[in-house]
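So this one's work_36.cif, mmCIF, N, CA and C atoms:
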```
data_start
loop_
_atom_site.label_atom_id
_atom_site.label_comp_id
_atom_site.auth_asym_id
_atom_site.auth_seq_id
_atom_site.Cartn_x
_atom_site.Cartn_y
_atom_site.Cartn_z
N VAL A 1 -13.74 9.51 20.98
CA VAL A 1 -13.92 8.08 21.12
C VAL A 1 -12.84 7.32 20.35
N VAL A 2 -12.52 7.80 19.16
CA VAL A 2 -11.52 7.11 18.33
C VAL A 2 -10.18 7.02 19.05
N TYR A 3 -9.84 8.06 19.81
CA TYR A 3 -8.53 8.10 20.44
C TYR A 3 -8.38 7.09 21.59
N VAL A 4 -9.49 6.66 22.20
CA VAL A 4 -9.39 5.75 23.34
C VAL A 4 -9.76 4.31 23.00
N ILE A 5 -10.14 4.04 21.77
CA ILE A 5 -10.51 2.68 21.36
C ILE A 5 -9.39 1.66 21.65
N PRO A 6 -8.12 1.96 21.35
CA PRO A 6 -7.08 0.95 21.59
C PRO A 6 -6.99 0.52 23.05
N LEU A 7 -7.08 1.48 23.96
CA LEU A 7 -7.00 1.15 25.38
C LEU A 7 -8.17 0.26 25.78
N ALA A 8 -9.36 0.65 25.37
CA ALA A 8 -10.55 -0.14 25.71
C ALA A 8 -10.48 -1.54 25.08
N ALA A 9 -10.08 -1.62 23.82
CA ALA A 9 -10.00 -2.91 23.13
C ALA A 9 -8.97 -3.82 23.79
N GLY A 10 -7.81 -3.29 24.08
CA GLY A 10 -6.76 -4.09 24.72
C GLY A 10 -7.18 -4.59 26.09
N TYR A 11 -7.87 -3.75 26.85
CA TYR A 11 -8.32 -4.14 28.18
C TYR A 11 -9.42 -5.20 28.10
N LEU A 12 -10.41 -4.96 27.27
CA LEU A 12 -11.53 -5.90 27.16
C LEU A 12 -11.11 -7.25 26.60
N LEU A 13 -10.14 -7.25 25.71
CA LEU A 13 -9.72 -8.49 25.07
C LEU A 13 -8.61 -9.22 25.82
N SER A 14 -8.31 -8.79 27.03
CA SER A 14 -7.30 -9.48 27.83
C SER A 14 -7.93 -10.15 29.05
N HIS A 15 -9.21 -10.46 28.99
CA HIS A 15 -9.92 -11.14 30.06
C HIS A 15 -9.28 -12.50 30.30
N PRO A 16 -9.15 -12.94 31.54
CA PRO A 16 -8.50 -14.23 31.81
C PRO A 16 -9.14 -15.42 31.08
N LYS A 17 -10.45 -15.39 30.84
CA LYS A 17 -11.11 -16.52 30.19
C LYS A 17 -10.95 -16.52 28.68
N TYR A 18 -10.74 -15.36 28.07
CA TYR A 18 -10.59 -15.28 26.62
C TYR A 18 -9.55 -14.23 26.26
N ASN A 19 -8.35 -14.48 26.71
CA ASN A 19 -7.23 -13.57 26.52
C ASN A 19 -6.67 -13.71 25.11
N ILE A 20 -6.64 -12.61 24.37
CA ILE A 20 -6.13 -12.65 22.99
C ILE A 20 -4.61 -12.58 22.92
N PHE A 21 -3.97 -12.35 24.04
CA PHE A 21 -2.53 -12.16 24.04
C PHE A 21 -1.75 -13.44 24.35
N LYS A 22 -2.40 -14.41 24.97
CA LYS A 22 -1.74 -15.69 25.23
C LYS A 22 -2.78 -16.78 25.35
N GLY A 23 -2.37 -18.00 25.11
CA GLY A 23 -3.29 -19.12 25.16
C GLY A 23 -3.81 -19.51 23.79
N GLU A 24 -4.83 -20.32 23.80
CA GLU A 24 -5.38 -20.91 22.57
C GLU A 24 -5.88 -19.84 21.59
N ILE A 25 -6.59 -18.85 22.08
CA ILE A 25 -7.14 -17.81 21.21
C ILE A 25 -6.02 -17.04 20.51
N SER A 26 -4.93 -16.81 21.19
CA SER A 26 -3.83 -16.03 20.61
C SER A 26 -3.18 -16.72 19.42
N GLU A 27 -3.38 -18.03 19.28
CA GLU A 27 -2.77 -18.79 18.20
C GLU A 27 -3.54 -18.69 16.88
N MET A 28 -4.78 -18.20 16.90
CA MET A 28 -5.56 -18.07 15.66
C MET A 28 -4.89 -17.03 14.76
N ARG A 29 -4.97 -17.23 13.43
CA ARG A 29 -4.35 -16.32 12.47
C ARG A 29 -5.28 -16.06 11.30
N VAL A 30 -5.33 -14.83 10.86
CA VAL A 30 -5.99 -14.42 9.62
C VAL A 30 -4.98 -13.55 8.89
N ALA A 31 -4.59 -13.98 7.70
CA ALA A 31 -3.57 -13.28 6.91
C ALA A 31 -2.29 -13.10 7.72
N GLY A 32 -1.98 -14.07 8.57
CA GLY A 32 -0.76 -14.03 9.35
C GLY A 32 -0.85 -13.25 10.66
N LEU A 33 -1.96 -12.56 10.88
CA LEU A 33 -2.12 -11.76 12.09
C LEU A 33 -3.05 -12.44 13.07
N GLY A 34 -2.71 -12.31 14.35
CA GLY A 34 -3.54 -12.88 15.40
C GLY A 34 -4.53 -11.88 15.94
N PRO A 35 -5.31 -12.28 16.93
CA PRO A 35 -6.31 -11.39 17.51
C PRO A 35 -5.72 -10.12 18.14
N ASP A 36 -4.47 -10.19 18.56
CA ASP A 36 -3.87 -8.99 19.15
C ASP A 36 -3.63 -7.90 18.11
N ALA A 37 -3.87 -8.21 16.84
CA ALA A 37 -3.79 -7.17 15.80
C ALA A 37 -4.92 -6.15 15.96
N ILE A 38 -5.99 -6.54 16.64
CA ILE A 38 -7.12 -5.63 16.83
C ILE A 38 -6.69 -4.39 17.62
N PRO A 39 -6.17 -4.53 18.86
CA PRO A 39 -5.75 -3.32 19.56
C PRO A 39 -4.54 -2.65 18.92
N HIS A 40 -3.67 -3.43 18.28
CA HIS A 40 -2.50 -2.82 17.64
C HIS A 40 -2.91 -1.95 16.45
N SER A 41 -3.77 -2.46 15.59
CA SER A 41 -4.20 -1.66 14.45
C SER A 41 -5.06 -0.49 14.91
N ALA A 42 -5.85 -0.69 15.96
CA ALA A 42 -6.64 0.41 16.51
C ALA A 42 -5.72 1.50 17.06
N THR A 43 -4.59 1.10 17.62
CA THR A 43 -3.62 2.07 18.12
C THR A 43 -3.04 2.88 16.97
N GLY A 44 -2.63 2.20 15.90
CA GLY A 44 -2.10 2.90 14.73
C GLY A 44 -3.12 3.87 14.16
N PHE A 45 -4.38 3.43 14.07
CA PHE A 45 -5.46 4.28 13.56
C PHE A 45 -5.68 5.49 14.48
N ALA A 46 -5.84 5.23 15.77
CA ALA A 46 -6.14 6.30 16.72
C ALA A 46 -5.00 7.31 16.83
N LEU A 47 -3.78 6.83 16.88
CA LEU A 47 -2.64 7.74 16.98
C LEU A 47 -2.52 8.61 15.73
N THR A 48 -2.72 8.01 14.58
CA THR A 48 -2.65 8.76 13.32
C THR A 48 -3.75 9.82 13.27
N ALA A 49 -4.97 9.43 13.65
CA ALA A 49 -6.07 10.39 13.67
C ALA A 49 -5.79 11.53 14.65
N LEU A 50 -5.26 11.19 15.82
CA LEU A 50 -4.94 12.21 16.82
C LEU A 50 -3.88 13.18 16.31
N VAL A 51 -2.82 12.66 15.73
CA VAL A 51 -1.75 13.52 15.23
C VAL A 51 -2.26 14.43 14.12
N CYS A 52 -2.98 13.86 13.16
CA CYS A 52 -3.48 14.66 12.04
C CYS A 52 -4.49 15.71 12.50
N ASP A 53 -5.40 15.33 13.38
CA ASP A 53 -6.38 16.29 13.90
C ASP A 53 -5.70 17.38 14.71
N THR A 54 -4.71 17.02 15.49
CA THR A 54 -3.98 18.01 16.29
C THR A 54 -3.24 19.01 15.39
N LEU A 55 -2.60 18.49 14.35
CA LEU A 55 -1.90 19.38 13.43
C LEU A 55 -2.88 20.32 12.72
N ASP A 56 -4.01 19.79 12.27
CA ASP A 56 -5.03 20.64 11.63
C ASP A 56 -5.49 21.75 12.57
N THR A 57 -5.80 21.38 13.80
CA THR A 57 -6.29 22.36 14.77
C THR A 57 -5.21 23.37 15.11
N ALA A 58 -4.00 22.91 15.32
CA ALA A 58 -2.91 23.82 15.68
C ALA A 58 -2.65 24.84 14.59
N CYS A 59 -2.80 24.44 13.34
CA CYS A 59 -2.55 25.37 12.23
C CYS A 59 -3.72 26.33 12.00
N GLN A 60 -4.89 26.02 12.54
CA GLN A 60 -6.04 26.89 12.40
C GLN A 60 -6.08 27.98 13.47
N VAL A 61 -5.34 27.77 14.53
CA VAL A 61 -5.31 28.74 15.61
C VAL A 61 -4.50 29.95 15.14
N GLU A 62 -5.14 31.12 15.18
CA GLU A 62 -4.49 32.32 14.66
C GLU A 62 -3.25 32.70 15.45
N SER A 63 -3.25 32.39 16.73
CA SER A 63 -2.11 32.78 17.56
C SER A 63 -0.97 31.77 17.51
N ALA A 64 -1.03 30.86 16.55
CA ALA A 64 0.02 29.84 16.44
C ALA A 64 1.26 30.44 15.79
N SER A 65 1.94 31.26 16.54
CA SER A 65 3.18 31.85 16.05
C SER A 65 4.33 31.32 16.89
N GLY A 66 5.50 31.74 16.59
CA GLY A 66 6.65 31.28 17.33
C GLY A 66 7.09 29.90 16.89
N SER A 67 7.97 29.31 17.66
CA SER A 67 8.57 28.03 17.30
C SER A 67 7.55 26.90 17.22
N LEU A 68 6.61 26.85 18.15
CA LEU A 68 5.62 25.78 18.15
C LEU A 68 4.70 25.88 16.94
N GLY A 69 4.29 27.09 16.61
CA GLY A 69 3.44 27.29 15.43
C GLY A 69 4.17 26.93 14.15
N LYS A 70 5.43 27.30 14.06
CA LYS A 70 6.23 26.96 12.88
C LYS A 70 6.39 25.45 12.75
N LEU A 71 6.62 24.78 13.88
CA LEU A 71 6.76 23.33 13.86
C LEU A 71 5.44 22.67 13.44
N ALA A 72 4.33 23.17 13.95
CA ALA A 72 3.02 22.61 13.58
C ALA A 72 2.76 22.78 12.08
N ARG A 73 3.07 23.96 11.54
CA ARG A 73 2.85 24.18 10.10
C ARG A 73 3.78 23.31 9.26
N LEU A 74 5.01 23.16 9.70
CA LEU A 74 5.96 22.30 8.99
C LEU A 74 5.47 20.85 8.99
N CYS A 75 5.05 20.36 10.13
CA CYS A 75 4.56 18.98 10.24
C CYS A 75 3.27 18.79 9.46
N ASN A 76 2.43 19.83 9.42
CA ASN A 76 1.15 19.72 8.74
C ASN A 76 1.29 19.72 7.22
N ARG A 77 2.45 20.06 6.71
CA ARG A 77 2.68 19.97 5.26
C ARG A 77 2.65 18.52 4.80
N ASN A 78 3.04 17.62 5.68
CA ASN A 78 2.99 16.19 5.37
C ASN A 78 2.58 15.42 6.63
N PRO A 79 1.28 15.46 6.95
CA PRO A 79 0.83 14.78 8.18
C PRO A 79 1.02 13.27 8.14
N ALA A 80 1.01 12.68 6.95
CA ALA A 80 1.24 11.23 6.86
C ALA A 80 2.64 10.88 7.33
N LEU A 81 3.63 11.63 6.88
CA LEU A 81 5.01 11.39 7.29
C LEU A 81 5.19 11.68 8.78
N THR A 82 4.59 12.76 9.24
CA THR A 82 4.69 13.12 10.66
C THR A 82 4.08 12.03 11.53
N SER A 83 2.87 11.61 11.19
CA SER A 83 2.22 10.57 12.00
C SER A 83 2.97 9.24 11.90
N PHE A 84 3.54 8.95 10.74
CA PHE A 84 4.35 7.73 10.59
C PHE A 84 5.56 7.79 11.52
N GLY A 85 6.24 8.91 11.56
CA GLY A 85 7.42 9.05 12.42
C GLY A 85 7.08 8.87 13.89
N ILE A 86 5.97 9.47 14.30
CA ILE A 86 5.55 9.35 15.70
C ILE A 86 5.14 7.91 16.00
N LEU A 87 4.38 7.29 15.11
CA LEU A 87 3.97 5.90 15.30
C LEU A 87 5.18 4.97 15.33
N ALA A 88 6.13 5.20 14.45
CA ALA A 88 7.34 4.36 14.42
C ALA A 88 8.12 4.48 15.72
N ALA A 89 8.28 5.70 16.21
CA ALA A 89 9.03 5.91 17.46
C ALA A 89 8.31 5.25 18.64
N LEU A 90 7.01 5.46 18.74
CA LEU A 90 6.26 4.87 19.85
C LEU A 90 6.21 3.35 19.75
N THR A 91 6.11 2.82 18.53
CA THR A 91 6.12 1.37 18.35
C THR A 91 7.45 0.79 18.81
N PHE A 92 8.54 1.45 18.44
CA PHE A 92 9.87 0.98 18.86
C PHE A 92 9.96 0.94 20.38
N PHE A 93 9.57 2.02 21.04
CA PHE A 93 9.69 2.07 22.50
C PHE A 93 8.75 1.07 23.18
N TRP A 94 7.55 0.88 22.63
CA TRP A 94 6.61 -0.09 23.19
C TRP A 94 7.16 -1.51 23.07
N GLU A 95 7.61 -1.86 21.88
CA GLU A 95 8.12 -3.21 21.66
C GLU A 95 9.40 -3.46 22.44
N TRP A 96 10.25 -2.46 22.56
CA TRP A 96 11.46 -2.59 23.37
C TRP A 96 11.08 -2.82 24.82
N GLY A 97 10.05 -2.12 25.29
CA GLY A 97 9.55 -2.32 26.65
C GLY A 97 9.02 -3.72 26.86
N GLU A 98 8.26 -4.24 25.90
CA GLU A 98 7.75 -5.61 26.00
C GLU A 98 8.91 -6.60 26.09
N TYR A 99 9.93 -6.38 25.28
CA TYR A 99 11.10 -7.25 25.29
C TYR A 99 11.78 -7.23 26.65
N ARG A 100 11.95 -6.03 27.19
CA ARG A 100 12.62 -5.89 28.50
C ARG A 100 11.82 -6.55 29.63
N VAL A 101 10.49 -6.36 29.61
CA VAL A 101 9.65 -6.98 30.63
C VAL A 101 9.71 -8.49 30.51
N HIS A 102 9.64 -9.00 29.29
CA HIS A 102 9.73 -10.45 29.05
C HIS A 102 11.04 -11.00 29.62
N LYS A 103 12.13 -10.37 29.30
CA LYS A 103 13.44 -10.82 29.80
C LYS A 103 13.50 -10.77 31.32
N HIS A 104 12.96 -9.71 31.90
CA HIS A 104 12.97 -9.55 33.36
C HIS A 104 12.14 -10.65 34.03
N GLU A 105 10.94 -10.91 33.50
CA GLU A 105 10.09 -11.95 34.07
C GLU A 105 10.72 -13.33 33.91
N MET A 106 11.36 -13.58 32.78
CA MET A 106 12.04 -14.87 32.58
C MET A 106 13.19 -15.03 33.56
N ALA A 107 13.91 -13.96 33.82
CA ALA A 107 15.02 -14.03 34.78
C ALA A 107 14.50 -14.32 36.19
N GLN A 108 13.33 -13.79 36.52
CA GLN A 108 12.77 -14.01 37.85
C GLN A 108 12.17 -15.40 38.01
N ARG A 109 11.43 -15.86 37.00
CA ARG A 109 10.66 -17.09 37.15
C ARG A 109 11.27 -18.27 36.40
N GLY A 110 12.00 -18.02 35.33
CA GLY A 110 12.69 -19.08 34.60
C GLY A 110 11.81 -20.05 33.83
N ASP A 111 10.52 -19.82 33.81
CA ASP A 111 9.60 -20.73 33.12
C ASP A 111 8.60 -19.89 32.33
N ILE A 112 8.57 -20.08 31.02
CA ILE A 112 7.73 -19.25 30.16
C ILE A 112 6.24 -19.39 30.48
N THR A 113 5.84 -20.52 31.05
CA THR A 113 4.43 -20.71 31.39
C THR A 113 4.03 -19.92 32.64
N LYS A 114 5.01 -19.41 33.37
CA LYS A 114 4.72 -18.69 34.61
C LYS A 114 4.90 -17.19 34.50
N ILE A 115 5.09 -16.69 33.28
CA ILE A 115 5.25 -15.25 33.12
C ILE A 115 4.06 -14.67 32.38
N ASN A 116 3.88 -13.38 32.51
CA ASN A 116 2.75 -12.70 31.89
C ASN A 116 3.10 -12.16 30.51
N MET A 117 4.25 -11.55 30.36
CA MET A 117 4.61 -10.88 29.11
C MET A 117 5.24 -11.84 28.13
N MET A 118 4.52 -12.11 27.06
CA MET A 118 5.05 -12.97 26.00
C MET A 118 5.69 -12.08 24.95
N TRP A 119 6.89 -12.44 24.50
CA TRP A 119 7.59 -11.66 23.48
C TRP A 119 8.29 -12.62 22.54
N SER A 120 8.28 -12.27 21.25
CA SER A 120 9.09 -12.97 20.26
C SER A 120 9.30 -12.02 19.09
N ALA A 121 10.32 -12.28 18.30
CA ALA A 121 10.58 -11.44 17.13
C ALA A 121 9.42 -11.53 16.14
N GLU A 122 8.84 -12.72 16.01
CA GLU A 122 7.70 -12.89 15.09
C GLU A 122 6.50 -12.07 15.55
N ASP A 123 6.23 -12.09 16.85
CA ASP A 123 5.11 -11.32 17.38
C ASP A 123 5.36 -9.82 17.20
N THR A 124 6.59 -9.41 17.41
CA THR A 124 6.93 -8.00 17.21
C THR A 124 6.70 -7.59 15.76
N ALA A 125 7.10 -8.43 14.83
CA ALA A 125 6.89 -8.13 13.41
C ALA A 125 5.39 -8.02 13.10
N ARG A 126 4.59 -8.93 13.65
CA ARG A 126 3.14 -8.86 13.43
C ARG A 126 2.54 -7.60 14.06
N ASP A 127 3.04 -7.21 15.23
CA ASP A 127 2.56 -5.99 15.88
C ASP A 127 2.87 -4.76 15.04
N VAL A 128 4.06 -4.72 14.47
CA VAL A 128 4.46 -3.59 13.62
C VAL A 128 3.56 -3.54 12.38
N VAL A 129 3.32 -4.67 11.76
CA VAL A 129 2.44 -4.71 10.59
C VAL A 129 1.04 -4.24 10.95
N ALA A 130 0.52 -4.69 12.08
CA ALA A 130 -0.82 -4.28 12.52
C ALA A 130 -0.87 -2.77 12.77
N ASN A 131 0.16 -2.23 13.40
CA ASN A 131 0.21 -0.77 13.62
C ASN A 131 0.21 -0.03 12.29
N LEU A 132 0.99 -0.54 11.32
CA LEU A 132 1.05 0.10 10.01
C LEU A 132 -0.29 0.01 9.27
N LEU A 133 -0.99 -1.11 9.42
CA LEU A 133 -2.31 -1.22 8.82
C LEU A 133 -3.27 -0.18 9.39
N GLY A 134 -3.21 0.02 10.68
CA GLY A 134 -4.03 1.06 11.32
C GLY A 134 -3.68 2.44 10.80
N TRP A 135 -2.39 2.69 10.59
CA TRP A 135 -1.93 3.98 10.05
C TRP A 135 -2.49 4.20 8.65
N VAL A 136 -2.38 3.17 7.80
CA VAL A 136 -2.89 3.26 6.43
C VAL A 136 -4.40 3.48 6.43
N LEU A 137 -5.11 2.74 7.25
CA LEU A 137 -6.57 2.89 7.31
C LEU A 137 -6.97 4.29 7.76
N ALA A 138 -6.26 4.85 8.71
CA ALA A 138 -6.57 6.20 9.18
C ALA A 138 -6.33 7.22 8.07
N LEU A 139 -5.26 7.05 7.31
CA LEU A 139 -4.98 7.99 6.22
C LEU A 139 -6.02 7.86 5.10
N LEU A 140 -6.44 6.62 4.81
CA LEU A 140 -7.48 6.41 3.82
C LEU A 140 -8.82 7.00 4.29
N PHE A 141 -9.15 6.79 5.55
CA PHE A 141 -10.38 7.35 6.12
C PHE A 141 -10.35 8.86 6.08
N ARG A 142 -9.21 9.42 6.41
CA ARG A 142 -9.03 10.89 6.41
C ARG A 142 -9.18 11.45 4.99
N ALA A 143 -8.57 10.80 4.01
CA ALA A 143 -8.65 11.26 2.63
C ALA A 143 -10.08 11.16 2.10
N ARG A 144 -10.77 10.12 2.50
CA ARG A 144 -12.16 9.94 2.03
C ARG A 144 -13.11 10.95 2.66
N SER A 145 -12.85 11.33 3.90
CA SER A 145 -13.75 12.24 4.59
C SER A 145 -13.51 13.71 4.24
N LYS A 146 -12.45 13.98 3.51
CA LYS A 146 -12.17 15.38 3.13
C LYS A 146 -12.85 15.76 1.86
#
```

Would you mind writing the structure in this file as structure tokens?
Amino acid sequence: VVYVIPLAAGYLLSHPKYNIFKGEISEMRVAGLGPDAIPHSATGFALTALVCDTLDTACQVESASGSLGKLARLCNRNPALTSFGILAALTFFWEWGEYRVHKHEMAQRGDITKINMMWSAEDTARDVVANLLGWVLALLFRARSK
């Protein structure tokens, strides 16, 4: 369930009547973050939990030999760093994709009110912070549950 929360949250919170990604609701802020921090932080949490759980399981499998097993054991020595690297890479590609879609839609329609994908450097910074908060929370939850 933890691994699919971001998808469900993002979908449910993008309803046309109460869309957290654009419009009046998107302008609300708590500690500088808007409502879209919910699916972003959930993504950071879920991805971190998935990576850490996968590394734990991979290292427990007795037949984990060869290059893949060695890589899993190496990554499992520091799952926080491994999950951070994966989250950072995926965040970069996601935000770059949002930027590209925004530019493409603007080129087609020429009016920001007529496009779906909203992008700004400030929003990207808030998204990165929200992802990092999810990563930190997952690591704290993991440490507490051990």

Practice item. Determine the residue set returned by the PyMOL selection byres ((chain A and resi 30-40) around 5) for the present structure, and present it as a PyMOL selection string. Key: chain A and resi 6+10+20+28-29+41-44+130-131

Pick out the residues sitting within 7 Å of range 50-52 of chain A, and hand them over as a CSV table (one decimal) with N, CA and C atoms, keeping the file's coordinate frame; count all atoms listed in the file, and ignore anything fewer than 6 positions along from it in its own chain.
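See part-v6.csv below for the written result:
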```csv
chain,number,residue,atom,x,y,z
A,3,TYR,N,-9.8,8.1,19.8
A,3,TYR,CA,-8.5,8.1,20.4
A,3,TYR,C,-8.4,7.1,21.6
A,79,PRO,N,1.3,15.5,7.0
A,79,PRO,CA,0.8,14.8,8.2
A,79,PRO,C,1.0,13.3,8.1
A,83,SER,N,2.9,11.6,11.2
A,83,SER,CA,2.2,10.6,12.0
A,83,SER,C,3.0,9.2,11.9
```

Worksheet entry | Distance query Ala121 in chain A at most 10 Å, only C-alpha atoms, self and fewer than 5 positions along chain excluded, as JSON, numbers by chain | {"A": [95, 99, 126, 127]}

Exercise for the section: Output as an NGL selection string all residues of chain A that backbone DSSP marks as helix (DSSP H, G or I). Expected result: :A and (2-12 or 25-27 or 37-60 or 66-76 or 79-109 or 112-114 or 121-145)

Within 12 Å of Leu81 in chain A, counting only C-alpha atoms, which residues qualify if same-chain residues fewer than 4 places away don't, as a list in words?
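The neighbour list is Thr48, Val51, Cys52, Leu74, Cys75, Asn76, Arg77, Gly85, Ile86, Leu87, Ala88, Trp135, Val136 and Leu139 of chain A.
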
Output file for the residues above (N, CA and C atoms, as a compact mmCIF listing (two decimals), keeping the file's coordinate frame):
```txt
# COMPACT_ATOMS: atom_id res chain seq x y z
N THR A 48 -2.72 8.01 14.58
CA THR A 48 -2.65 8.76 13.32
C THR A 48 -3.75 9.82 13.27
N VAL A 51 -2.82 12.66 15.73
CA VAL A 51 -1.75 13.52 15.23
C VAL A 51 -2.26 14.43 14.12
N CYS A 52 -2.98 13.86 13.16
CA CYS A 52 -3.48 14.66 12.04
C CYS A 52 -4.49 15.71 12.50
N LEU A 74 5.01 23.16 9.70
CA LEU A 74 5.96 22.30 8.99
C LEU A 74 5.47 20.85 8.99
N CYS A 75 5.05 20.36 10.13
CA CYS A 75 4.56 18.98 10.24
C CYS A 75 3.27 18.79 9.46
N ASN A 76 2.43 19.83 9.42
CA ASN A 76 1.15 19.72 8.74
C ASN A 76 1.29 19.72 7.22
N ARG A 77 2.45 20.06 6.71
CA ARG A 77 2.68 19.97 5.26
C ARG A 77 2.65 18.52 4.80
N GLY A 85 6.24 8.91 11.56
CA GLY A 85 7.42 9.05 12.42
C GLY A 85 7.08 8.87 13.89
N ILE A 86 5.97 9.47 14.30
CA ILE A 86 5.55 9.35 15.70
C ILE A 86 5.14 7.91 16.00
N LEU A 87 4.38 7.29 15.11
CA LEU A 87 3.97 5.90 15.30
C LEU A 87 5.18 4.97 15.33
N ALA A 88 6.13 5.20 14.45
CA ALA A 88 7.34 4.36 14.42
C ALA A 88 8.12 4.48 15.72
N TRP A 135 -2.39 2.69 10.59
CA TRP A 135 -1.93 3.98 10.05
C TRP A 135 -2.49 4.20 8.65
N VAL A 136 -2.38 3.17 7.80
CA VAL A 136 -2.89 3.26 6.43
C VAL A 136 -4.40 3.48 6.43
N LEU A 139 -5.26 7.05 7.31
CA LEU A 139 -4.98 7.99 6.22
C LEU A 139 -6.02 7.86 5.10
```

note - CA of Asn78 in chain A and CA of Lys146 in chain A are separated by 15.3 Å

* **Two-atom distance - CA of Glu24 in chain A, CA of Gln108 in chain A (Å)** =>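 Value for the CA of Glu24 in chain A-CA of Gln108 in chain A distance: 24.7 Å.
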
Rounded to one decimal place, report the CA of Val61 in chain A-CA of Leu137 in chain A distance in Å.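 Result for CA of Val61 in chain A versus CA of Leu137 in chain A: 27.2 Å, one decimal.
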
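Minimum distance to Asp123 in chain A across A:Gln60, A:Ala89, A:Ala9, A:Glu98 (counting only C-alpha atoms) occurs at A:Glu98.
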
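If you measure from each of A:Ser145, A:Ile5, A:Glu122, A:Leu55 to Leu68 in chain A using only C-alpha atoms, the closest one turns out to be A:Leu55.
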
Please fill the gaps in range 127-139 of chain A so it has N, CA, C and O atoms, and write that as a short mmCIF file (atom, residue, chain, number, x, y, z; two decimals), in the coordinates of the input.
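Ended up saving to out22.cif:
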```cif
data_model
loop_
_atom_site.label_atom_id
_atom_site.label_comp_id
_atom_site.auth_asym_id
_atom_site.auth_seq_id
_atom_site.Cartn_x
_atom_site.Cartn_y
_atom_site.Cartn_z
N ASP A 127 3.04 -7.21 15.23
CA ASP A 127 2.56 -5.99 15.88
C ASP A 127 2.87 -4.76 15.04
O ASP A 127 2.04 -3.86 14.89
N VAL A 128 4.06 -4.72 14.47
CA VAL A 128 4.46 -3.59 13.62
C VAL A 128 3.56 -3.54 12.38
O VAL A 128 3.09 -2.45 12.01
N VAL A 129 3.32 -4.67 11.76
CA VAL A 129 2.44 -4.71 10.59
C VAL A 129 1.04 -4.24 10.95
O VAL A 129 0.42 -3.45 10.23
N ALA A 130 0.52 -4.69 12.08
CA ALA A 130 -0.82 -4.28 12.52
C ALA A 130 -0.87 -2.77 12.77
O ALA A 130 -1.84 -2.09 12.38
N ASN A 131 0.16 -2.23 13.40
CA ASN A 131 0.21 -0.77 13.62
C ASN A 131 0.21 -0.03 12.29
O ASN A 131 -0.48 0.98 12.12
N LEU A 132 0.99 -0.54 11.32
CA LEU A 132 1.05 0.10 10.01
C LEU A 132 -0.29 0.01 9.27
O LEU A 132 -0.69 0.95 8.57
N LEU A 133 -0.99 -1.11 9.42
CA LEU A 133 -2.31 -1.22 8.82
C LEU A 133 -3.27 -0.18 9.39
O LEU A 133 -4.05 0.43 8.65
N GLY A 134 -3.21 0.02 10.68
CA GLY A 134 -4.03 1.06 11.32
C GLY A 134 -3.68 2.44 10.80
O GLY A 134 -4.56 3.28 10.55
N TRP A 135 -2.39 2.69 10.59
CA TRP A 135 -1.93 3.98 10.05
C TRP A 135 -2.49 4.20 8.65
O TRP A 135 -3.03 5.26 8.33
N VAL A 136 -2.38 3.17 7.80
CA VAL A 136 -2.89 3.26 6.43
C VAL A 136 -4.40 3.48 6.43
O VAL A 136 -4.91 4.34 5.69
N LEU A 137 -5.11 2.74 7.25
CA LEU A 137 -6.57 2.89 7.31
C LEU A 137 -6.97 4.29 7.76
O LEU A 137 -7.92 4.87 7.22
N ALA A 138 -6.26 4.85 8.71
CA ALA A 138 -6.57 6.20 9.18
C ALA A 138 -6.33 7.22 8.07
O ALA A 138 -7.13 8.15 7.89
N LEU A 139 -5.26 7.05 7.31
CA LEU A 139 -4.98 7.99 6.22
C LEU A 139 -6.02 7.86 5.10
O LEU A 139 -6.45 8.86 4.53
#
```
